[in-house]
$ cat input.tsv   # TSV, C-alpha atoms
chain	number	residue	atom	x	y	z
A	1	MET	CA	116.34	117.61	102.86
A	2	GLU	CA	115.94	116.65	106.51
A	3	LEU	CA	116.27	112.87	106.95
A	4	SER	CA	115.11	110.80	109.90
A	5	LEU	CA	118.37	108.85	109.61
A	6	PRO	CA	121.76	109.98	108.27
A	7	LYS	CA	122.24	108.86	104.68
A	8	ASP	CA	124.73	106.13	105.54
A	9	GLU	CA	122.45	104.80	108.27
A	10	LEU	CA	119.45	104.87	105.93
A	11	LYS	CA	121.38	102.84	103.37
A	12	LYS	CA	122.43	100.32	106.05
A	13	TYR	CA	118.84	100.16	107.31
A	14	LEU	CA	117.56	99.21	103.84
A	15	ALA	CA	120.40	96.73	103.33
A	16	ARG	CA	119.60	95.03	106.65
A	17	GLN	CA	115.93	94.77	105.69
A	18	LEU	CA	116.86	93.06	102.44
A	19	ASP	CA	119.28	90.70	104.19
A	20	ASN	CA	116.69	89.79	106.82
A	21	TYR	CA	113.86	89.15	104.37
A	22	PHE	CA	116.04	87.56	101.66
A	23	PRO	CA	119.00	85.77	103.33
A	24	ASP	CA	120.58	84.56	100.10
A	25	ASN	CA	124.01	86.18	100.66
A	26	VAL	CA	123.47	88.60	97.77
A	27	HIS	CA	124.05	91.91	99.49
A	28	MET	CA	123.08	95.47	98.63
A	29	GLU	CA	126.51	96.83	97.82
A	30	GLY	CA	128.51	98.22	94.91
A	31	ALA	CA	129.05	101.42	92.97
A	32	ASP	CA	125.72	101.08	91.19
A	33	ILE	CA	123.95	100.82	94.57
A	34	ASP	CA	125.68	103.97	95.82
A	35	SER	CA	124.82	105.90	92.67
A	36	ALA	CA	121.17	104.78	92.64
A	37	PHE	CA	120.78	105.54	96.35
A	38	GLU	CA	121.98	109.12	95.91
A	39	LEU	CA	119.78	109.60	92.86
A	40	ALA	CA	116.77	108.19	94.72
A	41	LEU	CA	117.18	110.74	97.52
A	42	GLU	CA	117.47	113.53	94.97
A	43	ARG	CA	114.24	112.36	93.34
A	44	VAL	CA	112.52	112.10	96.72
A	45	GLU	CA	113.46	115.67	97.57
A	46	HIS	CA	112.37	116.95	94.17
A	47	CYS	CA	109.01	115.22	94.58
A	48	PHE	CA	108.31	115.93	98.25
A	49	LYS	CA	109.11	119.64	98.12
A	50	GLU	CA	105.96	120.23	96.04
A	51	ILE	CA	103.63	118.21	98.29
A	52	THR	CA	101.44	120.36	100.53
A	53	PHE	CA	101.34	118.08	103.58
A	54	PRO	CA	103.61	119.37	106.39
A	55	ALA	CA	105.10	115.90	106.93
A	56	TYR	CA	106.63	116.25	103.45
A	57	SER	CA	107.53	119.92	103.20
A	58	ASP	CA	106.89	123.25	104.88
A	59	GLY	CA	107.48	125.16	101.64
A	60	LYS	CA	111.14	125.71	102.49
A	61	GLN	CA	112.48	122.49	104.00
A	62	THR	CA	111.70	118.98	102.76
A	63	PHE	CA	111.35	116.00	105.10
A	64	PHE	CA	111.75	112.25	104.68
A	65	SER	CA	111.16	109.67	107.40
A	66	HIS	CA	111.92	105.97	107.08
A	67	LEU	CA	109.06	105.42	109.56
A	68	HIS	CA	106.48	107.23	107.43
A	69	ALA	CA	105.05	104.32	105.46
A	70	ASP	CA	103.81	106.31	102.45
A	71	GLN	CA	107.09	108.17	102.15
A	72	TYR	CA	109.09	104.98	102.48
A	73	ALA	CA	107.02	103.21	99.84
A	74	GLU	CA	107.75	106.04	97.43
A	75	PHE	CA	111.44	106.05	98.32
A	76	LEU	CA	111.67	102.32	97.63
A	77	TYR	CA	110.22	102.91	94.17
A	78	PHE	CA	112.66	105.74	93.44
A	79	PHE	CA	115.58	103.59	94.59
A	80	MET	CA	114.75	100.44	92.63
A	81	ASN	CA	113.81	102.42	89.50
A	82	SER	CA	117.05	104.41	89.73
A	83	LEU	CA	119.01	101.19	90.20
A	84	TRP	CA	117.29	99.55	87.25
A	85	ASN	CA	118.04	102.55	85.05
A	86	THR	CA	121.64	102.63	86.30
A	87	SER	CA	122.69	99.00	86.01
A	88	GLN	CA	119.63	96.74	85.60
A	89	ASN	CA	120.65	95.03	88.84
A	90	LYS	CA	117.67	92.70	88.71
A	91	VAL	CA	118.36	90.75	91.89
A	92	ILE	CA	118.40	93.79	94.15
A	93	CYS	CA	115.56	95.45	92.23
A	94	ASP	CA	113.42	92.35	92.69
A	95	LYS	CA	114.17	92.30	96.40
A	96	VAL	CA	113.18	95.95	96.83
A	97	LEU	CA	110.02	95.32	94.80
A	98	TYR	CA	109.04	92.42	97.07
A	99	LEU	CA	110.00	94.41	100.17
A	100	ASN	CA	107.56	97.12	99.12
A	101	ARG	CA	104.86	94.49	98.66
A	102	MET	CA	105.51	92.96	102.08
A	103	LEU	CA	105.74	96.22	104.00
A	104	HIS	CA	102.99	98.17	102.28
A	105	SER	CA	100.86	95.65	100.29
A	106	PHE	CA	101.67	97.82	97.30
A	107	PHE	CA	102.80	96.74	93.83
A	108	LEU	CA	104.74	99.07	91.56
A	109	SER	CA	107.39	97.69	89.24
A	110	TYR	CA	110.87	99.15	89.04
A	111	LYS	CA	110.43	99.16	85.24
A	112	CYS	CA	107.43	101.45	85.45
A	113	HIS	CA	108.18	105.10	84.66
A	114	MET	CA	106.43	107.20	87.28
A	115	PRO	CA	106.30	111.00	87.04
A	116	ASP	CA	108.62	113.32	88.95
A	117	HIS	CA	105.78	114.36	91.26
A	118	PHE	CA	103.30	111.87	92.66
A	119	PHE	CA	101.67	111.27	96.02
A	120	LEU	CA	100.79	107.98	97.70
A	121	GLY	CA	98.01	108.10	100.27
A	122	HIS	CA	98.32	104.90	102.34
A	123	PRO	CA	98.27	102.78	99.14
A	124	VAL	CA	97.50	99.42	100.77
A	125	GLY	CA	96.16	96.95	98.22
A	126	THR	CA	97.11	99.16	95.28
A	127	ILE	CA	98.44	97.70	92.02
A	128	ILE	CA	99.98	100.11	89.52
A	129	GLY	CA	100.44	98.64	86.05
A	130	ASN	CA	102.41	99.95	83.11
A	131	ALA	CA	101.05	103.12	81.55
A	132	VAL	CA	102.23	106.57	80.57
A	133	TYR	CA	101.91	108.54	83.81
A	134	ASN	CA	102.14	112.30	84.04
A	135	ASP	CA	102.96	114.76	86.81
A	136	TYR	CA	100.87	115.46	89.92
A	137	LEU	CA	99.44	111.97	90.21
A	138	VAL	CA	97.59	111.06	93.43
A	139	ILE	CA	96.99	107.41	94.36
A	140	PHE	CA	95.06	106.07	97.35
A	141	GLN	CA	94.33	102.56	98.66
A	142	ASN	CA	92.97	99.62	96.67
A	143	VAL	CA	93.59	101.38	93.35
A	144	THR	CA	94.14	99.25	90.24
A	145	VAL	CA	95.66	100.32	86.95
A	146	ASN	CA	95.48	97.28	84.65
A	147	THR	CA	96.48	98.16	81.12
A	148	ASP	CA	96.91	96.68	77.68
A	149	ALA	CA	99.46	97.57	75.02
A	150	ASP	CA	98.29	99.57	72.04
A	151	ALA	CA	98.53	98.40	68.42
A	152	ASP	CA	102.21	99.40	68.26
A	153	GLY	CA	103.07	97.59	71.46
A	154	ASN	CA	103.47	100.79	73.48
A	155	PRO	CA	102.25	100.89	77.06
A	156	ALA	CA	98.77	102.28	77.40
A	157	PRO	CA	96.79	104.18	78.39
A	158	VAL	CA	98.23	107.67	78.55
A	159	LEU	CA	97.12	109.16	81.85
A	160	GLY	CA	97.07	112.95	81.99
A	161	LYS	CA	98.58	115.24	84.59
A	162	GLY	CA	96.71	115.94	87.80
A	163	LEU	CA	95.03	112.52	87.89
A	164	PHE	CA	93.39	111.74	91.24
A	165	LEU	CA	92.61	108.09	91.99
A	166	ALA	CA	90.41	107.70	95.07
A	167	SER	CA	90.07	104.54	97.15
A	168	GLY	CA	89.05	101.59	94.99
A	169	ALA	CA	89.35	103.47	91.70
A	170	GLN	CA	90.23	101.35	88.67
A	171	ILE	CA	91.51	102.14	85.20
A	172	ILE	CA	91.37	99.13	82.91
A	173	GLY	CA	92.13	98.94	79.20
A	174	ASN	CA	94.08	101.14	76.81
A	175	LYS	CA	92.02	104.32	76.38
A	176	PRO	CA	93.57	107.68	77.33
A	177	VAL	CA	92.56	109.67	80.38
A	178	GLY	CA	92.81	113.45	80.15
A	179	ASP	CA	94.37	116.10	82.36
A	180	ARG	CA	92.97	117.03	85.79
A	181	VAL	CA	90.66	114.01	85.95
A	182	SER	CA	89.36	112.66	89.27
A	183	VAL	CA	88.21	109.05	89.54
A	184	GLY	CA	86.03	108.64	92.62
A	185	VAL	CA	85.65	105.91	95.20
A	186	ASP	CA	85.17	102.44	93.60
A	187	ALA	CA	84.59	103.97	90.16
A	188	VAL	CA	85.79	101.84	87.25
A	189	VAL	CA	87.04	103.31	83.98
A	190	PHE	CA	86.79	100.32	81.68
A	191	ASN	CA	88.35	100.84	78.25
A	192	ARG	CA	86.79	104.29	78.08
A	193	GLU	CA	88.37	107.56	77.02
A	194	ILE	CA	87.95	110.29	79.63
A	195	PRO	CA	88.23	113.96	78.56
A	196	ASP	CA	90.12	116.68	80.40
A	197	ASP	CA	88.64	118.15	83.59
A	198	SER	CA	86.25	115.27	84.21
A	199	VAL	CA	85.00	113.67	87.40
A	200	VAL	CA	84.22	109.96	87.27
A	201	ILE	CA	81.88	108.76	90.01
A	202	LYS	CA	79.98	105.64	90.92
A	203	ASP	CA	76.46	106.56	92.00
A	204	GLN	CA	74.30	104.84	94.63
A	205	ASN	CA	72.95	102.47	91.96
A	206	GLY	CA	76.42	101.36	90.94
A	207	ILE	CA	76.34	103.29	87.64
A	208	VAL	CA	79.55	105.04	86.62
A	209	GLU	CA	79.01	108.61	85.45
A	210	VAL	CA	81.46	111.01	83.79
A	211	ASN	CA	80.75	114.66	84.52
A	212	LYS	CA	82.50	117.95	83.83
A	213	ARG	CA	84.34	119.26	86.86
A	214	LYS	CA	82.40	122.08	88.55
A	215	LYS	CA	85.05	123.29	90.97
A	216	GLU	CA	87.70	125.76	89.89
A	217	THR	CA	90.56	123.41	90.71
A	218	CYS	CA	90.92	119.67	90.37
A	219	MET	CA	91.14	117.33	93.35
A	220	ALA	CA	94.84	116.63	92.84
A	221	GLN	CA	95.62	120.32	93.25
A	222	ASN	CA	95.02	119.95	97.00
A	223	TYR	CA	98.16	117.83	97.28
A	224	PHE	CA	100.68	119.93	95.32
A	225	ARG	CA	101.99	123.47	95.49
A	226	CYS	CA	102.57	123.76	91.75
A	227	LYS	CA	99.62	124.83	89.66
A	228	ILE	CA	98.23	121.89	87.70
$ encode --input "input.tsv" --output "structure tokens"
Amino acid sequence: MELSLPKDELKKYLARQLDNYFPDNVHMEGADIDSAFELALERVEHCFKEITFPAYSDGKQTFFSHLHADQYAEFLYFFMNSLWNTSQNKVICDKVLYLNRMLHSFFLSYKCHMPDHFFLGHPVGTIIGNAVYNDYLVIFQNVTVNTDADADGNPAPVLGKGLFLASGAQIIGNKPVGDRVSVGVDAVVFNREIPDDSVVIKDQNGIVEVNKRKKETCMAQNYFRCKI
């Protein structure tokens, strides 16, 4: 993967950001940090190589820039989630979580299990709650996923692969959403099960409709090389 900064410089860059924003003398250092950082870059490369946009991959080489806001927001998630899974280093994980909120106005917890492949499209104002997320997820700005636990206390809903969430889309409640579903601009899925291959839209009268997809491929397919 081609990096905009050498790995050591990228790690120092992130550490300096945390020290500047949170000057509490708790520094980003240690074996768990090193391990999580390496794992995060591996996860970034695995994710970005399947994204169709040339800023991410040309089909052969994968690219990551610390000055590409969407890429950096995703990297911060991969790092804090990897660190949490490695050592549950809550102090540093909390700092990275808040850094992501300050830089990108984007909330995604380090405890949330995101899929291997997902794409963030300038996710300003987006809040991603706990759910079961699947591969080839696309998230744009002002999206809200606000979920409840099911009867067994498991996170809900289950969101299928190839889910596309347009600007202002909302999924609220604990009902499952199928594979290859697109939720359109400002459409709200409120405690409603959505079948596979559906398009959810908000019409000019503000009524939310669920229709069968007419196109051969789902909207999320435009963002990934792998067939969904």
$ closest_atom_pairs --input "input.tsv" --of "segment 55-96 of chain A" --to "segment 42-47 of chain A" --cutoff "12 Å" --atoms "all atoms listed in the file" --output "CSV"
residue,atom,partner,partner_atom,distance
A:Tyr56,CA,A:Glu45,CA,9.0
A:Ser57,CA,A:Glu45,CA,9.2
A:Gly59,CA,A:Glu45,CA,11.9
A:Lys60,CA,A:Glu45,CA,11.4
A:Gln61,CA,A:Glu45,CA,9.4
A:Thr62,CA,A:Glu45,CA,6.4
A:Phe63,CA,A:Glu45,CA,7.8
A:Phe64,CA,A:Val44,CA,8.0
A:Ser65,CA,A:Val44,CA,11.0
A:Asp70,CA,A:Val44,CA,11.9
A:Gln71,CA,A:Val44,CA,8.6
A:Tyr72,CA,A:Val44,CA,9.8
A:Ala73,CA,A:Val44,CA,10.9
A:Glu74,CA,A:Val44,CA,7.7
A:Phe75,CA,A:Val44,CA,6.4
A:Leu76,CA,A:Val44,CA,9.9
A:Tyr77,CA,A:Val44,CA,9.8
A:Phe78,CA,A:Arg43,CA,6.8
A:Phe79,CA,A:Arg43,CA,9.0
A:Met80,CA,A:Arg43,CA,12.0
A:Asn81,CA,A:Arg43,CA,10.7
A:Ser82,CA,A:Arg43,CA,9.2
$ closest_residue --input "input.tsv" --among "A:Val185, A:Asn134, A:Cys226, A:Asp179" --to "Arg213 of chain A" --atoms "all atoms listed in the file"
A:Asp179
$ closest_residue --input "input.tsv" --among "A:Gln221, A:Thr144, A:Ser4, A:Gln17" --to "Leu163 of chain A" --atoms "only C-alpha atoms"
A:Gln221
$ closest_residue --input "input.tsv" --among "A:Pro115, A:Gly121, A:Pro23, A:Pro195" --to "Phe53 of chain A" --atoms "only C-alpha atoms"
A:Gly121
$ atom_distance --input "input.tsv" --atom1 "atom CA of Val210 of chain A" --atom2 "atom CA of Phe164 of chain A"
14.1 Å
$ residues_around --input "input.tsv" --residues "segment 166-174 of chain A" --least-positions-apart "5" --cutoff "8 Å" --atoms "all atoms listed in the file" --output "VMD selection string"
chain A and resid 139 to 150 156 to 158 182 to 192
$ atom_distance --input "input.tsv" --atom1 "atom CA of Lys11 of chain A" --atom2 "atom CA of Val26 of chain A"
15.4 Å
$ residues_near_point --input "input.tsv" --point "(107.9, 88.9, 94.8)" --cutoff "12 Å" --atoms "only C-alpha atoms" --output "MDAnalysis selection string"
chainID A and resid 21:22 91:103 105:109
$ closest_residue --input "input.tsv" --among "A:Leu3, A:Cys218, A:Leu67, A:Leu14" --to "Val138 of chain A" --atoms "only C-alpha atoms"
A:Cys218
$ closest_residue --input "input.tsv" --among "A:Glu9, A:Asp197, A:Asp203, A:Asp116" --to "Thr217 of chain A" --atoms "only C-alpha atoms"
A:Asp197
$ atom_distance --input "input.tsv" --atom1 "atom CA of Leu39 of chain A" --atom2 "atom CA of Ala55 of chain A"
21.3 Å
$ axis_aligned_box --input "input.tsv" --around "segment 192-207 of chain A" --padding-each-side "4 Å" --output "AutoDock Vina command-line options"
--center_x 81.5 --center_y 109.8 --center_z 85.8 --size_x 25.2 --size_y 24.8 --size_z 25.6
$ closest_residue --input "input.tsv" --among "A:Asn25, A:Ser198, A:Thr86, A:Asn211" --to "Phe37 of chain A" --atoms "all atoms listed in the file"
A:Thr86
